[in-house]
Amino acid sequence: MNYWLLKSEPDTFGIANLEAMPGQTEHWDGIRNYQARNFMRDGMRVGDLAFFYHSNCPAPGIVGIMEIVREAYPDFTALDPESKYYDPKCTEDANRWCMADVRLKKIFPRTISLAELKSEAALADMLVLRKGNRLSITPVSPSEWDHILSML
DNA sequence: GCCAACGTTGGC
DNA sequence: GCCAACGTTGGC
């Protein structure tokens, strides 16, 4: 069982959008970075838990928890010319991108802000806090996971 | 809107 | 395989 942190822009798809989906479940699509894809494809398993992180917004931070309910499968948005995630180099037989399905598990009573996360010595090694990090999927260690939950 | 950091592309 | 140019991310 692994822990993750998944970023999404609330203007595009925030935790409230996930809450509103049937079964509070949705596919996590649009990964267009190899490192992030590899984390998803090679590491993410059903039953894993992930923080929902709001990025590129007035109050960036962790807003809740999701559970992985389906492991990596081909990201069909890469084949759809109408999608903003369309990748002309992908075909049905050679789709280099994948998505996973997530289900909302918990919305935190408050946002754990990026500033708070940065101020915690116990989280100094978190990938997502590294300067210039742009990965939309990063692994979270069990101790980091527990520490963040203790901040609520 | 600015800009630093980083990934990808493509010419050579 | 190098590397400059370009596009994107994301905090501020």
# chains A, B, ... in the order shown; residues from 1 in each chain; ligands from 1
>>> residues_around(residues="DG10 in chain B", least_positions_apart="4", cutoff="12 Å", atoms="only C-alpha atoms (C1' of nucleotides)", output="PDB file with C-alpha atoms (C1' of nucleotides), in the first residue's frame")
ATOM      1  C1'  DC C   2      24.400  17.924 -27.570  1.00  0.00           C
ATOM      2  C1'  DC C   3      22.037  21.944 -26.685  1.00  0.00           C
ATOM      3  C1'  DA C   4      19.280  26.098 -27.879  1.00  0.00           C
ATOM      4  C1'  DA C   5      14.665  27.284 -28.305  1.00  0.00           C
ATOM      5  C1'  DC C   6      10.361  26.802 -26.834  1.00  0.00           C
TER       6       DC C   6
END
>>> residues_around(residues="range 60-67 of chain A", least_positions_apart="5", cutoff="8 Å", atoms="only C-alpha atoms (C1' of nucleotides)", output="list in words")
Ile15, Val46, Gly47, Asp48, Leu49, Ala50, Phe51, Phe52, Tyr53, His54, Ser55, Val102, Arg103, Leu104, Lys105, Lys106, Ile107, Phe108, Arg110, Thr111, Ile112, Ser113 and Leu114 of chain A
>>> write_last_selection(atoms="N, CA, C and O atoms", output="compact mmCIF listing (two decimals), in the first residue's frame")
# COMPACT_ATOMS: atom_id res chain seq x y z
N ILE A 15 -11.61 19.52 -5.70
CA ILE A 15 -12.14 18.43 -4.89
C ILE A 15 -13.68 18.48 -4.86
O ILE A 15 -14.34 17.45 -4.75
N VAL A 46 -4.56 -0.39 -6.62
CA VAL A 46 -5.88 -0.28 -6.01
C VAL A 46 -5.74 -0.35 -4.49
O VAL A 46 -5.02 -1.21 -3.97
N GLY A 47 -6.38 0.58 -3.82
CA GLY A 47 -6.31 0.62 -2.36
C GLY A 47 -5.32 1.66 -1.86
O GLY A 47 -5.36 2.03 -0.68
N ASP A 48 -4.44 2.12 -2.74
CA ASP A 48 -3.53 3.20 -2.34
C ASP A 48 -4.34 4.46 -2.01
O ASP A 48 -5.43 4.66 -2.56
N LEU A 49 -3.77 5.29 -1.17
CA LEU A 49 -4.42 6.55 -0.81
C LEU A 49 -3.62 7.73 -1.36
O LEU A 49 -2.39 7.64 -1.50
N ALA A 50 -4.31 8.81 -1.67
CA ALA A 50 -3.64 9.98 -2.24
C ALA A 50 -4.22 11.26 -1.68
O ALA A 50 -5.43 11.39 -1.52
N PHE A 51 -3.33 12.20 -1.41
CA PHE A 51 -3.79 13.54 -1.07
C PHE A 51 -4.26 14.25 -2.33
O PHE A 51 -3.67 14.07 -3.41
N PHE A 52 -5.31 15.03 -2.19
CA PHE A 52 -5.79 15.89 -3.28
C PHE A 52 -5.19 17.27 -3.03
O PHE A 52 -5.47 17.90 -2.00
N TYR A 53 -4.37 17.73 -3.96
CA TYR A 53 -3.68 19.02 -3.81
C TYR A 53 -4.20 20.02 -4.83
O TYR A 53 -4.26 19.70 -6.02
N HIS A 54 -4.58 21.17 -4.35
CA HIS A 54 -5.01 22.24 -5.26
C HIS A 54 -3.80 23.09 -5.65
O HIS A 54 -3.15 23.67 -4.78
N SER A 55 -3.53 23.18 -6.93
CA SER A 55 -2.38 23.94 -7.41
C SER A 55 -2.82 25.11 -8.27
O SER A 55 -3.96 25.17 -8.76
N VAL A 102 -10.07 7.36 -9.32
CA VAL A 102 -9.96 7.72 -7.91
C VAL A 102 -11.36 7.96 -7.33
O VAL A 102 -12.27 8.37 -8.04
N ARG A 103 -11.48 7.65 -6.04
CA ARG A 103 -12.74 7.91 -5.34
C ARG A 103 -12.47 8.80 -4.14
O ARG A 103 -11.51 8.57 -3.40
N LEU A 104 -13.32 9.78 -3.97
CA LEU A 104 -13.16 10.69 -2.83
C LEU A 104 -13.32 9.92 -1.53
O LEU A 104 -14.24 9.12 -1.38
N LYS A 105 -12.42 10.16 -0.61
CA LYS A 105 -12.51 9.50 0.68
C LYS A 105 -12.80 10.50 1.78
O LYS A 105 -13.56 10.21 2.70
N LYS A 106 -12.19 11.67 1.67
CA LYS A 106 -12.39 12.65 2.74
C LYS A 106 -12.07 14.05 2.24
O LYS A 106 -11.10 14.26 1.54
N ILE A 107 -12.93 15.00 2.61
CA ILE A 107 -12.60 16.40 2.41
C ILE A 107 -12.19 16.97 3.75
O ILE A 107 -12.93 16.84 4.74
N PHE A 108 -11.01 17.55 3.83
CA PHE A 108 -10.53 18.09 5.09
C PHE A 108 -11.37 19.30 5.50
O PHE A 108 -11.87 20.04 4.65
N ARG A 110 -10.34 21.90 6.59
CA ARG A 110 -9.63 23.11 6.16
C ARG A 110 -8.50 22.69 5.22
O ARG A 110 -8.11 21.52 5.19
N THR A 111 -8.00 23.66 4.48
CA THR A 111 -6.87 23.39 3.60
C THR A 111 -5.58 23.41 4.39
O THR A 111 -5.35 24.33 5.18
N ILE A 112 -4.75 22.39 4.20
CA ILE A 112 -3.40 22.44 4.75
C ILE A 112 -2.55 23.14 3.71
O ILE A 112 -2.25 22.59 2.66
N SER A 113 -2.21 24.38 3.98
CA SER A 113 -1.62 25.24 2.95
C SER A 113 -0.19 24.84 2.62
O SER A 113 0.52 24.22 3.43
N LEU A 114 0.21 25.24 1.43
CA LEU A 114 1.58 25.02 1.00
C LEU A 114 2.57 25.64 1.99
O LEU A 114 3.60 25.04 2.32
>>> interface_residues(of="chain C", to="chain A", cutoff="10 Å", atoms="only C-alpha atoms (C1' of nucleotides)", output="JSON, numbers by chain")
{"C": [8, 9, 10, 11, 12]}
>>> write_last_selection(atoms="N, CA and C atoms (P, O5', C5', C4', C3', O3' and C1' of nucleotides)", output="mmCIF file, in the first residue's frame")
data_model
loop_
_atom_site.group_PDB
_atom_site.id
_atom_site.type_symbol
_atom_site.label_atom_id
_atom_site.label_comp_id
_atom_site.auth_asym_id
_atom_site.auth_seq_id
_atom_site.Cartn_x
_atom_site.Cartn_y
_atom_site.Cartn_z
ATOM 1 P P DT C 8 2.209 25.092 -24.229
ATOM 2 O "O5'" DT C 8 2.623 24.640 -22.760
ATOM 3 C "C5'" DT C 8 3.135 23.334 -22.562
ATOM 4 C "C4'" DT C 8 3.413 23.144 -21.085
ATOM 5 C "C3'" DT C 8 2.279 23.630 -20.169
ATOM 6 O "O3'" DT C 8 2.052 22.587 -19.245
ATOM 7 C "C1'" DT C 8 4.333 24.612 -19.523
ATOM 8 P P DT C 9 0.845 22.640 -18.233
ATOM 9 O "O5'" DT C 9 1.570 22.811 -16.837
ATOM 10 C "C5'" DT C 9 2.669 21.978 -16.511
ATOM 11 C "C4'" DT C 9 3.325 22.529 -15.280
ATOM 12 C "C3'" DT C 9 2.345 22.913 -14.161
ATOM 13 O "O3'" DT C 9 2.778 22.227 -13.013
ATOM 14 C "C1'" DT C 9 3.842 24.691 -14.593
ATOM 15 P P DG C 10 1.873 22.024 -11.748
ATOM 16 O "O5'" DG C 10 2.134 23.338 -10.924
ATOM 17 C "C5'" DG C 10 3.411 23.542 -10.338
ATOM 18 C "C4'" DG C 10 3.442 24.932 -9.804
ATOM 19 C "C3'" DG C 10 2.151 25.362 -9.077
ATOM 20 O "O3'" DG C 10 2.526 25.980 -7.881
ATOM 21 C "C1'" DG C 10 2.777 26.974 -10.625
ATOM 22 P P DG C 11 1.665 26.001 -6.589
ATOM 23 O "O5'" DG C 11 2.518 27.011 -5.727
ATOM 24 C "C5'" DG C 11 3.932 26.859 -5.669
ATOM 25 C "C4'" DG C 11 4.582 28.216 -5.596
ATOM 26 C "C3'" DG C 11 3.924 29.173 -4.614
ATOM 27 O "O3'" DG C 11 4.951 29.840 -3.904
ATOM 28 C "C1'" DG C 11 3.976 30.164 -6.760
ATOM 29 P P DC C 12 4.669 30.574 -2.514
ATOM 30 O "O5'" DC C 12 4.477 32.072 -2.974
ATOM 31 C "C5'" DC C 12 5.604 32.772 -3.538
ATOM 32 C "C4'" DC C 12 5.108 33.974 -4.262
ATOM 33 C "C3'" DC C 12 4.070 34.784 -3.498
ATOM 34 O "O3'" DC C 12 4.722 35.783 -2.711
ATOM 35 C "C1'" DC C 12 3.690 34.729 -5.870
#
>>> select_by_dssp(residues="range 1-109 of chain A", states="strand (DSSP E)", output="MDAnalysis selection string")
chainID A and resid 3:8 25:28 49:54 61:74 98:109
>>> atom_distance(atom1="CA of Cys90 in chain A", atom2="CA of Trp4 in chain A")
26.7 Å
>>> residues_around(residues="Lys84 in chain A", least_positions_apart="6", cutoff="10 Å", atoms="only C-alpha atoms (C1' of nucleotides)", output="ChimeraX atom specification")
/A:30,77-78
>>> select_by_dssp(residues="chain A", states="helix (DSSP H, G or I)", output="PDB file with N, CA, C and O atoms, in the first residue's frame")
ATOM      1  N   PRO A  10      -7.965  23.757  -9.104  1.00  0.00           N
ATOM      2  CA  PRO A  10      -9.385  23.795  -8.738  1.00  0.00           C
ATOM      3  C   PRO A  10     -10.266  24.445  -9.807  1.00  0.00           C
ATOM      4  O   PRO A  10     -11.452  24.126  -9.910  1.00  0.00           O
ATOM      5  N   ASP A  11      -9.691  25.343 -10.610  1.00  0.00           N
ATOM      6  CA  ASP A  11     -10.465  25.941 -11.702  1.00  0.00           C
ATOM      7  C   ASP A  11     -10.832  24.908 -12.754  1.00  0.00           C
ATOM      8  O   ASP A  11     -11.840  25.029 -13.448  1.00  0.00           O
ATOM      9  N   THR A  12     -10.001  23.898 -12.888  1.00  0.00           N
ATOM     10  CA  THR A  12     -10.231  22.853 -13.888  1.00  0.00           C
ATOM     11  C   THR A  12     -10.992  21.688 -13.276  1.00  0.00           C
ATOM     12  O   THR A  12     -12.037  21.276 -13.773  1.00  0.00           O
ATOM     13  N   PHE A  13     -10.456  21.162 -12.182  1.00  0.00           N
ATOM     14  CA  PHE A  13     -11.103  20.054 -11.495  1.00  0.00           C
ATOM     15  C   PHE A  13     -10.655  20.059 -10.047  1.00  0.00           C
ATOM     16  O   PHE A  13      -9.568  19.581  -9.720  1.00  0.00           O
ATOM     17  N   ILE A  15     -11.607  19.522  -5.703  1.00  0.00           N
ATOM     18  CA  ILE A  15     -12.144  18.429  -4.893  1.00  0.00           C
ATOM     19  C   ILE A  15     -13.677  18.482  -4.862  1.00  0.00           C
ATOM     20  O   ILE A  15     -14.341  17.449  -4.750  1.00  0.00           O
ATOM     21  N   ALA A  16     -14.233  19.686  -5.022  1.00  0.00           N
ATOM     22  CA  ALA A  16     -15.696  19.799  -5.057  1.00  0.00           C
ATOM     23  C   ALA A  16     -16.254  19.132  -6.317  1.00  0.00           C
ATOM     24  O   ALA A  16     -17.361  18.585  -6.302  1.00  0.00           O
ATOM     25  N   ASN A  17     -15.489  19.183  -7.396  1.00  0.00           N
ATOM     26  CA  ASN A  17     -15.911  18.514  -8.627  1.00  0.00           C
ATOM     27  C   ASN A  17     -15.917  16.996  -8.440  1.00  0.00           C
ATOM     28  O   ASN A  17     -16.820  16.298  -8.910  1.00  0.00           O
ATOM     29  N   LEU A  18     -14.893  16.503  -7.742  1.00  0.00           N
ATOM     30  CA  LEU A  18     -14.845  15.061  -7.493  1.00  0.00           C
ATOM     31  C   LEU A  18     -16.020  14.637  -6.611  1.00  0.00           C
ATOM     32  O   LEU A  18     -16.650  13.603  -6.843  1.00  0.00           O
ATOM     33  N   GLU A  19     -16.319  15.466  -5.624  1.00  0.00           N
ATOM     34  CA  GLU A  19     -17.436  15.165  -4.727  1.00  0.00           C
ATOM     35  C   GLU A  19     -18.752  15.059  -5.498  1.00  0.00           C
ATOM     36  O   GLU A  19     -19.634  14.294  -5.131  1.00  0.00           O
ATOM     37  N   ALA A  20     -18.847  15.837  -6.573  1.00  0.00           N
ATOM     38  CA  ALA A  20     -20.103  15.898  -7.322  1.00  0.00           C
ATOM     39  C   ALA A  20     -20.243  14.779  -8.351  1.00  0.00           C
ATOM     40  O   ALA A  20     -21.310  14.604  -8.947  1.00  0.00           O
ATOM     41  N   PRO A  22     -20.711  11.030  -9.957  1.00  0.00           N
ATOM     42  CA  PRO A  22     -21.432   9.826  -9.526  1.00  0.00           C
ATOM     43  C   PRO A  22     -20.490   8.885  -8.777  1.00  0.00           C
ATOM     44  O   PRO A  22     -19.400   8.583  -9.264  1.00  0.00           O
ATOM     45  N   GLY A  23     -20.893   8.461  -7.595  1.00  0.00           N
ATOM     46  CA  GLY A  23     -20.031   7.591  -6.799  1.00  0.00           C
ATOM     47  C   GLY A  23     -18.809   8.316  -6.275  1.00  0.00           C
ATOM     48  O   GLY A  23     -17.887   7.682  -5.757  1.00  0.00           O
ATOM     49  N   GLN A  24     -18.798   9.641  -6.432  1.00  0.00           N
ATOM     50  CA  GLN A  24     -17.623  10.454  -6.049  1.00  0.00           C
ATOM     51  C   GLN A  24     -16.344   9.852  -6.625  1.00  0.00           C
ATOM     52  O   GLN A  24     -15.284   9.845  -5.990  1.00  0.00           O
ATOM     53  N   TYR A  34       6.380  12.104 -18.335  1.00  0.00           N
ATOM     54  CA  TYR A  34       6.785  10.700 -18.212  1.00  0.00           C
ATOM     55  C   TYR A  34       7.034  10.259 -16.782  1.00  0.00           C
ATOM     56  O   TYR A  34       6.669   9.157 -16.393  1.00  0.00           O
ATOM     57  N   GLN A  35       7.649  11.137 -16.002  1.00  0.00           N
ATOM     58  CA  GLN A  35       7.940  10.757 -14.622  1.00  0.00           C
ATOM     59  C   GLN A  35       6.653  10.540 -13.831  1.00  0.00           C
ATOM     60  O   GLN A  35       6.524   9.563 -13.093  1.00  0.00           O
ATOM     61  N   ALA A  36       5.716  11.452 -14.022  1.00  0.00           N
ATOM     62  CA  ALA A  36       4.435  11.317 -13.329  1.00  0.00           C
ATOM     63  C   ALA A  36       3.706  10.060 -13.819  1.00  0.00           C
ATOM     64  O   ALA A  36       3.140   9.303 -13.033  1.00  0.00           O
ATOM     65  N   ARG A  37       3.758   9.840 -15.124  1.00  0.00           N
ATOM     66  CA  ARG A  37       3.120   8.645 -15.681  1.00  0.00           C
ATOM     67  C   ARG A  37       3.731   7.373 -15.096  1.00  0.00           C
ATOM     68  O   ARG A  37       3.028   6.420 -14.762  1.00  0.00           O
ATOM     69  N   ASN A  38       5.048   7.377 -14.981  1.00  0.00           N
ATOM     70  CA  ASN A  38       5.699   6.174 -14.462  1.00  0.00           C
ATOM     71  C   ASN A  38       5.286   5.896 -13.020  1.00  0.00           C
ATOM     72  O   ASN A  38       5.087   4.735 -12.645  1.00  0.00           O
ATOM     73  N   PHE A  39       5.151   6.948 -12.226  1.00  0.00           N
ATOM     74  CA  PHE A  39       4.656   6.749 -10.865  1.00  0.00           C
ATOM     75  C   PHE A  39       3.282   6.100 -10.897  1.00  0.00           C
ATOM     76  O   PHE A  39       2.998   5.159 -10.154  1.00  0.00           O
ATOM     77  N   MET A  40       2.424   6.609 -11.779  1.00  0.00           N
ATOM     78  CA  MET A  40       1.067   6.081 -11.848  1.00  0.00           C
ATOM     79  C   MET A  40       1.048   4.649 -12.363  1.00  0.00           C
ATOM     80  O   MET A  40       0.424   3.773 -11.789  1.00  0.00           O
ATOM     81  N   ARG A  41       1.771   4.412 -13.433  1.00  0.00           N
ATOM     82  CA  ARG A  41       1.727   3.104 -14.106  1.00  0.00           C
ATOM     83  C   ARG A  41       2.437   2.016 -13.303  1.00  0.00           C
ATOM     84  O   ARG A  41       1.963   0.889 -13.210  1.00  0.00           O
ATOM     85  N   ASP A  42       3.574   2.381 -12.727  1.00  0.00           N
ATOM     86  CA  ASP A  42       4.406   1.368 -12.089  1.00  0.00           C
ATOM     87  C   ASP A  42       4.189   1.250 -10.592  1.00  0.00           C
ATOM     88  O   ASP A  42       4.533   0.235  -9.999  1.00  0.00           O
ATOM     89  N   GLY A  43       3.638   2.302  -9.976  1.00  0.00           N
ATOM     90  CA  GLY A  43       3.559   2.280  -8.526  1.00  0.00           C
ATOM     91  C   GLY A  43       2.169   2.296  -7.945  1.00  0.00           C
ATOM     92  O   GLY A  43       1.934   1.802  -6.847  1.00  0.00           O
ATOM     93  N   PHE A  76      -7.823   7.787 -22.683  1.00  0.00           N
ATOM     94  CA  PHE A  76      -8.497   7.983 -23.973  1.00  0.00           C
ATOM     95  C   PHE A  76      -8.535   9.441 -24.424  1.00  0.00           C
ATOM     96  O   PHE A  76      -8.747   9.714 -25.602  1.00  0.00           O
ATOM     97  N   THR A  77      -8.310  10.369 -23.499  1.00  0.00           N
ATOM     98  CA  THR A  77      -8.311  11.775 -23.931  1.00  0.00           C
ATOM     99  C   THR A  77      -7.144  12.064 -24.883  1.00  0.00           C
ATOM    100  O   THR A  77      -7.187  13.025 -25.652  1.00  0.00           O
ATOM    101  N   ALA A  78      -6.111  11.223 -24.845  1.00  0.00           N
ATOM    102  CA  ALA A  78      -4.962  11.419 -25.738  1.00  0.00           C
ATOM    103  C   ALA A  78      -5.348  11.149 -27.193  1.00  0.00           C
ATOM    104  O   ALA A  78      -4.676  11.606 -28.117  1.00  0.00           O
ATOM    105  N   LEU A  79      -6.437  10.399 -27.410  1.00  0.00           N
ATOM    106  CA  LEU A  79      -6.860  10.018 -28.764  1.00  0.00           C
ATOM    107  C   LEU A  79      -7.953  10.920 -29.298  1.00  0.00           C
ATOM    108  O   LEU A  79      -8.353  10.779 -30.453  1.00  0.00           O
ATOM    109  N   LEU A 114       0.210  25.240   1.430  1.00  0.00           N
ATOM    110  CA  LEU A 114       1.584  25.016   1.003  1.00  0.00           C
ATOM    111  C   LEU A 114       2.573  25.639   1.988  1.00  0.00           C
ATOM    112  O   LEU A 114       3.595  25.041   2.325  1.00  0.00           O
ATOM    113  N   ALA A 115       2.246  26.835   2.470  1.00  0.00           N
ATOM    114  CA  ALA A 115       3.134  27.521   3.419  1.00  0.00           C
ATOM    115  C   ALA A 115       3.311  26.692   4.684  1.00  0.00           C
ATOM    116  O   ALA A 115       4.416  26.565   5.215  1.00  0.00           O
ATOM    117  N   GLU A 116       2.209  26.101   5.166  1.00  0.00           N
ATOM    118  CA  GLU A 116       2.304  25.250   6.356  1.00  0.00           C
ATOM    119  C   GLU A 116       3.181  24.034   6.094  1.00  0.00           C
ATOM    120  O   GLU A 116       4.007  23.647   6.924  1.00  0.00           O
ATOM    121  N   LEU A 117       2.973  23.417   4.949  1.00  0.00           N
ATOM    122  CA  LEU A 117       3.748  22.227   4.613  1.00  0.00           C
ATOM    123  C   LEU A 117       5.236  22.554   4.580  1.00  0.00           C
ATOM    124  O   LEU A 117       6.069  21.815   5.100  1.00  0.00           O
ATOM    125  N   LYS A 118       5.545  23.700   3.994  1.00  0.00           N
ATOM    126  CA  LYS A 118       6.946  24.116   3.883  1.00  0.00           C
ATOM    127  C   LYS A 118       7.567  24.397   5.239  1.00  0.00           C
ATOM    128  O   LYS A 118       8.784  24.302   5.400  1.00  0.00           O
ATOM    129  N   ALA A 121       9.558  20.824   9.462  1.00  0.00           N
ATOM    130  CA  ALA A 121      10.865  20.188   9.269  1.00  0.00           C
ATOM    131  C   ALA A 121      10.699  18.729   8.861  1.00  0.00           C
ATOM    132  O   ALA A 121      11.484  18.196   8.075  1.00  0.00           O
ATOM    133  N   ALA A 122       9.657  18.085   9.389  1.00  0.00           N
ATOM    134  CA  ALA A 122       9.445  16.656   9.114  1.00  0.00           C
ATOM    135  C   ALA A 122       9.126  16.408   7.645  1.00  0.00           C
ATOM    136  O   ALA A 122       9.187  15.280   7.163  1.00  0.00           O
ATOM    137  N   LEU A 123       8.766  17.463   6.924  1.00  0.00           N
ATOM    138  CA  LEU A 123       8.372  17.312   5.517  1.00  0.00           C
ATOM    139  C   LEU A 123       9.416  17.873   4.562  1.00  0.00           C
ATOM    140  O   LEU A 123       9.162  18.027   3.362  1.00  0.00           O
ATOM    141  N   LEU A 127       8.862  15.514  -2.067  1.00  0.00           N
ATOM    142  CA  LEU A 127       9.141  15.850  -3.462  1.00  0.00           C
ATOM    143  C   LEU A 127       8.382  17.082  -3.908  1.00  0.00           C
ATOM    144  O   LEU A 127       8.911  17.952  -4.595  1.00  0.00           O
ATOM    145  N   VAL A 128       7.134  17.166  -3.508  1.00  0.00           N
ATOM    146  CA  VAL A 128       6.273  18.228  -4.018  1.00  0.00           C
ATOM    147  C   VAL A 128       6.719  19.606  -3.517  1.00  0.00           C
ATOM    148  O   VAL A 128       6.377  20.630  -4.105  1.00  0.00           O
ATOM    149  N   LEU A 129       7.506  19.617  -2.450  1.00  0.00           N
ATOM    150  CA  LEU A 129       7.937  20.894  -1.890  1.00  0.00           C
ATOM    151  C   LEU A 129       9.260  21.365  -2.478  1.00  0.00           C
ATOM    152  O   LEU A 129       9.707  22.477  -2.202  1.00  0.00           O
ATOM    153  N   PRO A 142       5.164   7.010   4.222  1.00  0.00           N
ATOM    154  CA  PRO A 142       4.205   6.792   5.330  1.00  0.00           C
ATOM    155  C   PRO A 142       4.392   7.799   6.464  1.00  0.00           C
ATOM    156  O   PRO A 142       3.406   8.266   7.038  1.00  0.00           O
ATOM    157  N   SER A 143       5.640   8.150   6.772  1.00  0.00           N
ATOM    158  CA  SER A 143       5.836   9.099   7.880  1.00  0.00           C
ATOM    159  C   SER A 143       5.366  10.495   7.496  1.00  0.00           C
ATOM    160  O   SER A 143       4.810  11.225   8.320  1.00  0.00           O
ATOM    161  N   GLU A 144       5.574  10.868   6.221  1.00  0.00           N
ATOM    162  CA  GLU A 144       5.074  12.163   5.754  1.00  0.00           C
ATOM    163  C   GLU A 144       3.544  12.177   5.789  1.00  0.00           C
ATOM    164  O   GLU A 144       2.909  13.156   6.190  1.00  0.00           O
ATOM    165  N   TRP A 145       2.980  11.066   5.348  1.00  0.00           N
ATOM    166  CA  TRP A 145       1.510  10.950   5.331  1.00  0.00           C
ATOM    167  C   TRP A 145       0.948  11.163   6.738  1.00  0.00           C
ATOM    168  O   TRP A 145       0.050  11.977   6.956  1.00  0.00           O
ATOM    169  N   ASP A 146       1.506  10.425   7.693  1.00  0.00           N
ATOM    170  CA  ASP A 146       1.004  10.514   9.068  1.00  0.00           C
ATOM    171  C   ASP A 146       1.213  11.912   9.643  1.00  0.00           C
ATOM    172  O   ASP A 146       0.358  12.437  10.350  1.00  0.00           O
ATOM    173  N   HIS A 147       2.361  12.472   9.309  1.00  0.00           N
ATOM    174  CA  HIS A 147       2.646  13.805   9.839  1.00  0.00           C
ATOM    175  C   HIS A 147       1.631  14.828   9.323  1.00  0.00           C
ATOM    176  O   HIS A 147       1.138  15.666  10.082  1.00  0.00           O
ATOM    177  N   ILE A 148       1.343  14.744   8.044  1.00  0.00           N
ATOM    178  CA  ILE A 148       0.391  15.701   7.454  1.00  0.00           C
ATOM    179  C   ILE A 148      -0.992  15.531   8.084  1.00  0.00           C
ATOM    180  O   ILE A 148      -1.671  16.510   8.408  1.00  0.00           O
ATOM    181  N   LEU A 149      -1.401  14.285   8.308  1.00  0.00           N
ATOM    182  CA  LEU A 149      -2.706  14.067   8.951  1.00  0.00           C
ATOM    183  C   LEU A 149      -2.719  14.664  10.360  1.00  0.00           C
ATOM    184  O   LEU A 149      -3.753  15.154  10.819  1.00  0.00           O
ATOM    185  N   SER A 150      -1.586  14.622  11.019  1.00  0.00           N
ATOM    186  CA  SER A 150      -1.517  15.143  12.394  1.00  0.00           C
ATOM    187  C   SER A 150      -1.606  16.665  12.424  1.00  0.00           C
ATOM    188  O   SER A 150      -1.786  17.262  13.486  1.00  0.00           O
TER     189      SER A 150
END
>>> atom_distance(atom1="CA of Met44 in chain A", atom2="CA of Tyr3 in chain A")
8.5 Å
